[in-house]
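Q: Provided herewith: query_7.cif, mmCIF, N, CA and C atoms.
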```cif
data_upload
#
loop_
_atom_site.label_atom_id
_atom_site.label_comp_id
_atom_site.auth_asym_id
_atom_site.auth_seq_id
_atom_site.Cartn_x
_atom_site.Cartn_y
_atom_site.Cartn_z
N MET A 219 24.34 -13.82 11.94
CA MET A 219 23.25 -14.50 11.29
C MET A 219 22.11 -14.79 12.26
N ARG A 220 22.45 -15.22 13.46
CA ARG A 220 21.42 -15.51 14.47
C ARG A 220 20.64 -14.26 14.84
N ILE A 221 21.33 -13.15 14.98
CA ILE A 221 20.67 -11.89 15.33
C ILE A 221 19.70 -11.48 14.23
N LYS A 222 20.11 -11.62 13.00
CA LYS A 222 19.26 -11.28 11.87
C LYS A 222 18.00 -12.17 11.86
N LEU A 223 18.16 -13.45 12.07
CA LEU A 223 17.05 -14.39 12.11
C LEU A 223 16.12 -14.05 13.27
N PHE A 224 16.68 -13.76 14.43
CA PHE A 224 15.89 -13.39 15.59
C PHE A 224 15.06 -12.14 15.29
N PHE A 225 15.68 -11.14 14.68
CA PHE A 225 15.00 -9.90 14.36
C PHE A 225 13.84 -10.15 13.39
N ILE A 226 14.06 -10.95 12.38
CA ILE A 226 13.01 -11.26 11.40
C ILE A 226 11.85 -11.99 12.09
N LEU A 227 12.17 -12.96 12.94
CA LEU A 227 11.12 -13.68 13.67
C LEU A 227 10.37 -12.75 14.62
N TRP A 228 11.09 -11.86 15.27
CA TRP A 228 10.46 -10.89 16.16
C TRP A 228 9.47 -10.02 15.39
N LEU A 229 9.85 -9.54 14.24
CA LEU A 229 8.96 -8.72 13.42
C LEU A 229 7.72 -9.49 12.98
N LEU A 230 7.91 -10.73 12.61
CA LEU A 230 6.79 -11.55 12.15
C LEU A 230 5.77 -11.82 13.25
N PHE A 231 6.25 -11.99 14.47
CA PHE A 231 5.35 -12.39 15.55
C PHE A 231 5.04 -11.31 16.56
N SER A 232 5.43 -10.10 16.31
CA SER A 232 5.14 -9.01 17.24
C SER A 232 4.12 -8.06 16.63
N ASP A 233 3.52 -7.26 17.49
CA ASP A 233 2.59 -6.23 17.02
C ASP A 233 3.29 -5.23 16.12
N ALA A 234 4.57 -5.06 16.28
CA ALA A 234 5.32 -4.10 15.48
C ALA A 234 5.23 -4.41 13.99
N ALA A 235 4.99 -5.64 13.65
CA ALA A 235 4.96 -6.03 12.25
C ALA A 235 3.75 -5.48 11.52
N TYR A 236 2.64 -5.24 12.23
CA TYR A 236 1.45 -4.78 11.53
C TYR A 236 0.79 -3.56 12.16
N SER A 237 1.30 -3.10 13.25
CA SER A 237 0.67 -2.00 13.95
C SER A 237 1.26 -0.67 13.53
N ASP A 238 0.38 0.24 13.14
CA ASP A 238 0.81 1.59 12.80
C ASP A 238 0.55 2.56 13.95
N ILE A 239 0.20 2.04 15.11
CA ILE A 239 -0.10 2.88 16.26
C ILE A 239 1.20 3.26 16.95
N ASP A 240 1.38 4.57 17.18
CA ASP A 240 2.61 4.99 17.86
C ASP A 240 2.51 4.65 19.35
N LYS A 241 3.64 4.75 20.04
CA LYS A 241 3.72 4.31 21.43
C LYS A 241 2.77 5.08 22.35
N ASN A 242 2.62 6.39 22.15
CA ASN A 242 1.71 7.17 22.99
C ASN A 242 0.27 6.76 22.78
N GLN A 243 -0.12 6.57 21.53
CA GLN A 243 -1.48 6.14 21.23
C GLN A 243 -1.74 4.75 21.84
N GLN A 244 -0.78 3.85 21.71
CA GLN A 244 -0.94 2.50 22.27
C GLN A 244 -1.03 2.56 23.78
N MET A 245 -0.25 3.44 24.41
CA MET A 245 -0.31 3.59 25.86
C MET A 245 -1.70 4.08 26.27
N GLU A 246 -2.26 5.01 25.49
CA GLU A 246 -3.60 5.51 25.80
C GLU A 246 -4.65 4.41 25.65
N ILE A 247 -4.54 3.62 24.60
CA ILE A 247 -5.47 2.52 24.39
C ILE A 247 -5.36 1.51 25.53
N ASP A 248 -4.14 1.17 25.90
CA ASP A 248 -3.93 0.24 27.01
C ASP A 248 -4.53 0.80 28.30
N PHE A 249 -4.36 2.11 28.50
CA PHE A 249 -4.95 2.76 29.68
C PHE A 249 -6.47 2.62 29.67
N LEU A 250 -7.10 2.92 28.52
CA LEU A 250 -8.56 2.85 28.44
C LEU A 250 -9.07 1.42 28.64
N ILE A 251 -8.35 0.46 28.14
CA ILE A 251 -8.71 -0.94 28.37
C ILE A 251 -8.68 -1.25 29.87
N SER A 252 -7.62 -0.82 30.51
CA SER A 252 -7.49 -1.03 31.95
C SER A 252 -8.57 -0.25 32.71
N TYR A 253 -8.86 0.96 32.25
CA TYR A 253 -9.87 1.82 32.87
C TYR A 253 -11.24 1.13 32.89
N VAL A 254 -11.63 0.56 31.77
CA VAL A 254 -12.91 -0.16 31.70
C VAL A 254 -12.82 -1.43 32.55
N ASN A 255 -11.76 -2.19 32.39
CA ASN A 255 -11.60 -3.46 33.08
C ASN A 255 -11.68 -3.30 34.60
N ASN A 256 -11.08 -2.25 35.13
CA ASN A 256 -11.02 -2.05 36.57
C ASN A 256 -12.16 -1.20 37.12
N SER A 257 -13.03 -0.75 36.25
CA SER A 257 -14.13 0.11 36.65
C SER A 257 -15.18 -0.66 37.46
N GLU A 258 -15.81 0.04 38.37
CA GLU A 258 -16.93 -0.53 39.11
C GLU A 258 -18.26 -0.12 38.49
N CYS A 259 -18.20 0.51 37.32
CA CYS A 259 -19.40 0.94 36.60
C CYS A 259 -20.06 -0.27 35.94
N ILE A 260 -21.31 -0.07 35.50
CA ILE A 260 -22.05 -1.09 34.78
C ILE A 260 -22.10 -0.69 33.31
N PHE A 261 -21.73 -1.60 32.45
CA PHE A 261 -21.68 -1.35 31.01
C PHE A 261 -22.83 -2.11 30.36
N ASN A 262 -23.50 -1.44 29.41
CA ASN A 262 -24.63 -2.07 28.75
C ASN A 262 -24.36 -2.19 27.26
N ARG A 263 -24.56 -3.40 26.77
CA ARG A 263 -24.42 -3.69 25.33
C ARG A 263 -25.66 -4.44 24.89
N ASN A 264 -26.41 -3.83 23.99
CA ASN A 264 -27.63 -4.45 23.45
C ASN A 264 -28.62 -4.89 24.54
N GLY A 265 -28.77 -4.03 25.56
CA GLY A 265 -29.75 -4.30 26.60
C GLY A 265 -29.30 -5.21 27.72
N ILE A 266 -28.07 -5.66 27.69
CA ILE A 266 -27.55 -6.56 28.73
C ILE A 266 -26.44 -5.84 29.49
N ASP A 267 -26.51 -5.88 30.82
CA ASP A 267 -25.52 -5.23 31.68
C ASP A 267 -24.33 -6.15 31.92
N TYR A 268 -23.15 -5.52 31.99
CA TYR A 268 -21.89 -6.25 32.22
C TYR A 268 -21.03 -5.47 33.19
N LYS A 269 -20.23 -6.19 33.96
CA LYS A 269 -19.17 -5.58 34.75
C LYS A 269 -18.06 -5.18 33.79
N GLY A 270 -17.18 -4.29 34.24
CA GLY A 270 -16.08 -3.85 33.40
C GLY A 270 -15.22 -4.99 32.88
N SER A 271 -14.95 -5.94 33.74
CA SER A 271 -14.11 -7.07 33.33
C SER A 271 -14.78 -7.92 32.26
N GLU A 272 -16.11 -7.93 32.24
CA GLU A 272 -16.85 -8.65 31.20
C GLU A 272 -16.94 -7.82 29.92
N ALA A 273 -17.18 -6.53 30.08
CA ALA A 273 -17.31 -5.64 28.93
C ALA A 273 -16.00 -5.58 28.14
N ILE A 274 -14.89 -5.60 28.84
CA ILE A 274 -13.61 -5.43 28.15
C ILE A 274 -13.29 -6.63 27.27
N THR A 275 -13.82 -7.79 27.58
CA THR A 275 -13.60 -8.96 26.74
C THR A 275 -14.14 -8.70 25.34
N HIS A 276 -15.34 -8.15 25.26
CA HIS A 276 -15.94 -7.83 23.97
C HIS A 276 -15.19 -6.70 23.26
N ILE A 277 -14.83 -5.67 24.01
CA ILE A 277 -14.09 -4.54 23.42
C ILE A 277 -12.75 -5.01 22.86
N LYS A 278 -12.06 -5.86 23.58
CA LYS A 278 -10.77 -6.39 23.10
C LYS A 278 -10.95 -7.22 21.83
N ARG A 279 -12.03 -7.98 21.78
CA ARG A 279 -12.31 -8.78 20.59
C ARG A 279 -12.51 -7.86 19.38
N LYS A 280 -13.25 -6.78 19.57
CA LYS A 280 -13.47 -5.83 18.48
C LYS A 280 -12.16 -5.11 18.13
N TYR A 281 -11.37 -4.80 19.14
CA TYR A 281 -10.07 -4.17 18.92
C TYR A 281 -9.19 -5.06 18.05
N ASP A 282 -9.15 -6.34 18.36
CA ASP A 282 -8.36 -7.27 17.55
C ASP A 282 -8.90 -7.34 16.12
N TYR A 283 -10.21 -7.32 15.98
CA TYR A 283 -10.83 -7.41 14.66
C TYR A 283 -10.49 -6.18 13.80
N TYR A 284 -10.53 -5.00 14.42
CA TYR A 284 -10.29 -3.74 13.69
C TYR A 284 -8.85 -3.24 13.79
N LYS A 285 -7.96 -4.03 14.33
CA LYS A 285 -6.60 -3.58 14.62
C LYS A 285 -5.91 -2.92 13.43
N ASN A 286 -6.10 -3.43 12.23
CA ASN A 286 -5.45 -2.84 11.06
C ASN A 286 -6.03 -1.49 10.66
N GLU A 287 -7.24 -1.20 11.12
CA GLU A 287 -7.89 0.08 10.81
C GLU A 287 -7.67 1.12 11.91
N ILE A 288 -7.24 0.67 13.07
CA ILE A 288 -7.06 1.57 14.20
C ILE A 288 -5.65 2.17 14.17
N LYS A 289 -5.62 3.49 14.01
CA LYS A 289 -4.34 4.21 13.96
C LYS A 289 -4.18 5.16 15.14
N THR A 290 -5.31 5.52 15.79
CA THR A 290 -5.29 6.47 16.90
C THR A 290 -6.16 5.95 18.04
N THR A 291 -6.03 6.59 19.18
CA THR A 291 -6.86 6.24 20.33
C THR A 291 -8.33 6.49 20.01
N LYS A 292 -8.61 7.58 19.32
CA LYS A 292 -10.01 7.88 18.95
C LYS A 292 -10.56 6.83 17.99
N ASP A 293 -9.73 6.30 17.10
CA ASP A 293 -10.16 5.19 16.23
C ASP A 293 -10.55 3.99 17.08
N PHE A 294 -9.76 3.71 18.10
CA PHE A 294 -10.05 2.59 19.01
C PHE A 294 -11.41 2.78 19.65
N ILE A 295 -11.65 3.97 20.18
CA ILE A 295 -12.93 4.25 20.84
C ILE A 295 -14.08 4.09 19.84
N GLU A 296 -13.93 4.69 18.68
CA GLU A 296 -14.99 4.67 17.67
C GLU A 296 -15.29 3.26 17.15
N LEU A 297 -14.25 2.51 16.86
CA LEU A 297 -14.44 1.20 16.23
C LEU A 297 -14.69 0.06 17.22
N ALA A 298 -14.10 0.14 18.41
CA ALA A 298 -14.17 -0.99 19.33
C ALA A 298 -15.06 -0.75 20.55
N ALA A 299 -15.37 0.52 20.86
CA ALA A 299 -16.03 0.76 22.14
C ALA A 299 -17.19 1.76 22.08
N THR A 300 -17.83 1.90 20.94
CA THR A 300 -18.90 2.88 20.84
C THR A 300 -20.28 2.27 20.62
N LYS A 301 -20.38 1.34 19.68
CA LYS A 301 -21.71 0.80 19.38
C LYS A 301 -21.62 -0.61 18.83
N SER A 302 -22.77 -1.25 18.84
CA SER A 302 -22.89 -2.60 18.29
C SER A 302 -22.98 -2.51 16.78
N GLU A 303 -22.16 -3.27 16.10
CA GLU A 303 -22.21 -3.31 14.64
C GLU A 303 -23.46 -4.03 14.16
N ILE A 304 -23.98 -4.93 14.96
CA ILE A 304 -25.15 -5.71 14.57
C ILE A 304 -26.44 -4.91 14.76
N SER A 305 -26.65 -4.36 15.96
CA SER A 305 -27.89 -3.64 16.25
C SER A 305 -27.80 -2.15 15.93
N GLY A 306 -26.58 -1.61 15.92
CA GLY A 306 -26.40 -0.18 15.73
C GLY A 306 -26.60 0.63 17.00
N ARG A 307 -26.92 -0.04 18.10
CA ARG A 307 -27.17 0.65 19.38
C ARG A 307 -25.85 1.03 20.04
N ASN A 308 -25.84 2.23 20.62
CA ASN A 308 -24.66 2.69 21.35
C ASN A 308 -24.50 1.91 22.64
N TYR A 309 -23.26 1.60 23.00
CA TYR A 309 -22.96 1.03 24.30
C TYR A 309 -23.11 2.16 25.32
N THR A 310 -23.54 1.80 26.53
CA THR A 310 -23.68 2.80 27.58
C THR A 310 -22.94 2.36 28.83
N VAL A 311 -22.77 3.32 29.73
CA VAL A 311 -22.11 3.05 31.00
C VAL A 311 -22.86 3.81 32.09
N LYS A 312 -23.00 3.17 33.23
CA LYS A 312 -23.64 3.79 34.39
C LYS A 312 -22.71 3.61 35.58
N CYS A 313 -22.20 4.74 36.05
CA CYS A 313 -21.31 4.72 37.22
C CYS A 313 -22.08 5.20 38.44
N LYS A 314 -21.60 4.83 39.59
CA LYS A 314 -22.22 5.22 40.85
C LYS A 314 -22.39 6.74 40.89
N ASN A 315 -23.57 7.17 41.30
CA ASN A 315 -23.87 8.60 41.46
C ASN A 315 -23.77 9.40 40.16
N SER A 316 -24.01 8.78 39.02
CA SER A 316 -24.02 9.52 37.76
C SER A 316 -25.10 8.97 36.84
N GLU A 317 -25.41 9.73 35.83
CA GLU A 317 -26.41 9.33 34.85
C GLU A 317 -25.82 8.31 33.88
N ILE A 318 -26.70 7.58 33.19
CA ILE A 318 -26.26 6.71 32.11
C ILE A 318 -25.70 7.59 31.00
N GLN A 319 -24.58 7.18 30.44
CA GLN A 319 -23.99 7.94 29.34
C GLN A 319 -23.44 6.98 28.28
N GLU A 320 -23.24 7.52 27.10
CA GLU A 320 -22.69 6.70 26.03
C GLU A 320 -21.25 6.35 26.36
N LEU A 321 -20.90 5.10 26.14
CA LEU A 321 -19.55 4.63 26.47
C LEU A 321 -18.49 5.40 25.69
N GLY A 322 -18.72 5.64 24.41
CA GLY A 322 -17.75 6.38 23.61
C GLY A 322 -17.44 7.75 24.21
N LYS A 323 -18.48 8.47 24.62
CA LYS A 323 -18.28 9.80 25.22
C LYS A 323 -17.58 9.69 26.57
N TRP A 324 -17.92 8.67 27.34
CA TRP A 324 -17.28 8.44 28.64
C TRP A 324 -15.78 8.19 28.47
N LEU A 325 -15.43 7.39 27.46
CA LEU A 325 -14.02 7.11 27.20
C LEU A 325 -13.29 8.33 26.67
N LEU A 326 -13.95 9.14 25.84
CA LEU A 326 -13.32 10.38 25.35
C LEU A 326 -13.04 11.33 26.51
N LYS A 327 -13.95 11.37 27.48
CA LYS A 327 -13.74 12.21 28.66
C LYS A 327 -12.54 11.70 29.46
N ALA A 328 -12.46 10.38 29.64
CA ALA A 328 -11.32 9.80 30.36
C ALA A 328 -10.02 10.07 29.61
N LEU A 329 -10.07 9.98 28.29
CA LEU A 329 -8.89 10.27 27.47
C LEU A 329 -8.48 11.73 27.61
N SER A 330 -9.44 12.63 27.59
CA SER A 330 -9.15 14.05 27.76
C SER A 330 -8.49 14.32 29.11
N THR A 331 -9.04 13.71 30.16
CA THR A 331 -8.47 13.86 31.50
C THR A 331 -7.05 13.32 31.55
N LEU A 332 -6.85 12.16 30.95
CA LEU A 332 -5.51 11.56 30.90
C LEU A 332 -4.52 12.50 30.21
N ARG A 333 -4.91 13.06 29.08
CA ARG A 333 -4.02 13.95 28.34
C ARG A 333 -3.74 15.23 29.10
N LYS A 334 -4.74 15.77 29.81
CA LYS A 334 -4.53 16.98 30.61
C LYS A 334 -3.57 16.73 31.76
N LYS A 335 -3.69 15.56 32.38
CA LYS A 335 -2.81 15.22 33.49
C LYS A 335 -1.42 14.86 33.01
N GLY A 336 -1.33 14.46 31.77
CA GLY A 336 -0.05 14.02 31.23
C GLY A 336 0.10 12.53 31.41
N HIS A 337 0.70 11.89 30.44
CA HIS A 337 0.83 10.43 30.44
C HIS A 337 1.62 9.91 31.63
N ALA A 338 2.51 10.70 32.16
CA ALA A 338 3.33 10.23 33.29
C ALA A 338 2.51 10.08 34.56
N HIS A 339 1.36 10.76 34.61
CA HIS A 339 0.55 10.75 35.83
C HIS A 339 -0.79 10.07 35.59
N ASN A 340 -0.80 9.00 34.82
CA ASN A 340 -2.06 8.37 34.42
C ASN A 340 -2.47 7.19 35.27
N LYS A 341 -1.82 6.96 36.37
CA LYS A 341 -2.08 5.75 37.15
C LYS A 341 -3.51 5.67 37.64
N SER A 342 -4.11 6.80 38.03
CA SER A 342 -5.47 6.70 38.55
C SER A 342 -6.30 7.90 38.14
N LEU A 343 -7.40 7.61 37.49
CA LEU A 343 -8.41 8.62 37.19
C LEU A 343 -9.64 8.24 37.99
N LYS A 344 -10.21 9.19 38.68
CA LYS A 344 -11.43 8.92 39.46
C LYS A 344 -12.61 8.76 38.52
N GLN A 345 -13.52 7.91 38.87
CA GLN A 345 -14.73 7.68 38.04
C GLN A 345 -15.92 8.33 38.68
#
```
I need this file expressed as structure tokens, please.
A:
Amino acid sequence: MRIKLFFILWLLFSDAAYSDIDKNQQMEIDFLISYVNNSECIFNRNGIDYKGSEAITHIKRKYDYYKNEIKTTKDFIELAATKSEISGRNYTVKCKNSEIQELGKWLLKALSTLRKKGHAHNKSLKQ
């Protein structure tokens, strides 16, 4: 009886209860969150520059808001990390020695690199 109750409570209070994202997709999303958070690039949202650790706060908030609609890593990028819902302006990123680029495209490139390297070797992608 205790095990059954524990299992029911676990389902109610865990992401498993409402998340349709498979483990690989979730690992990729977690990687991209970490990638932005640990980046030394400058992120721009609606004309204001942010460090990665500041930008990720907003992206995570949008991720939580759209969590029921996000089924894939690309959904995460599109819904949480591409543009402002209020202004419609694309988020951008500027890394050292590179041009300003759209954040969504930058994340898709990082995702592509991650997938080419394989999930087991995703610890570090150069920026």
Q: Applying 12 Å and only C-alpha atoms, which residues near Lys323 in chain A remain after dropping the ones on its own chain fewer than 6 positions away? List them as number ranges by chain.
A: A: 292, 295-296, 299-301, 308-311, 329-330
Q: Name the residues in contact with range 264-276 of chain A at a cut-off of 7 Å, using all atoms listed in the file, excluding same-chain residues fewer than 4 positions from it; report them as a PyMOL selection string.
A: chain A and resi 251+253-260+280-281+298+302+307-310
Q: By how many Å are CA of Leu332 in chain A and atom N of Thr291 in chain A apart?
A: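 Answer for the CA of Leu332 in chain A to atom N of Thr291 in chain A separation: 12.7 Å.
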Q: I'd like the neighbourhood of Glu246 in chain A as a VMD selection string, where a residue qualifies if any of its atoms comes within 8 Å (using only N, CA and C atoms), though same-chain residues fewer than 3 positions away should be ignored.
A: chain A and resid 240 to 243 249 to 252 290 to 291 329 337
Q: Give the alpha helix (DSSP H) residues of range 222-329 of chain A, as DSSP finds them on the backbone, and put them as a ChimeraX atom specification.
A: /A:222-231,241-255,270-284,291-298,321-329
Q: Quick one: pull the distance between CA of Asp248 in chain A and CA of Thr331 in chain A, Å, one decimal.
A: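 According to the coordinates, CA of Asp248 in chain A and CA of Thr331 in chain A are separated by 15.0 Å.
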Q: For the atom pair CA of Lys285 in chain A and CA of Arg263 in chain A, what is the interatomic distance in Å to one decimal place?
A: 20.8 Å
Q: Quick one: of A:Gly322, A:Lys327, A:Met245, A:Glu317, who's nearest to Asp293 in chain A, counting only C-alpha atoms?
A: A:Gly322
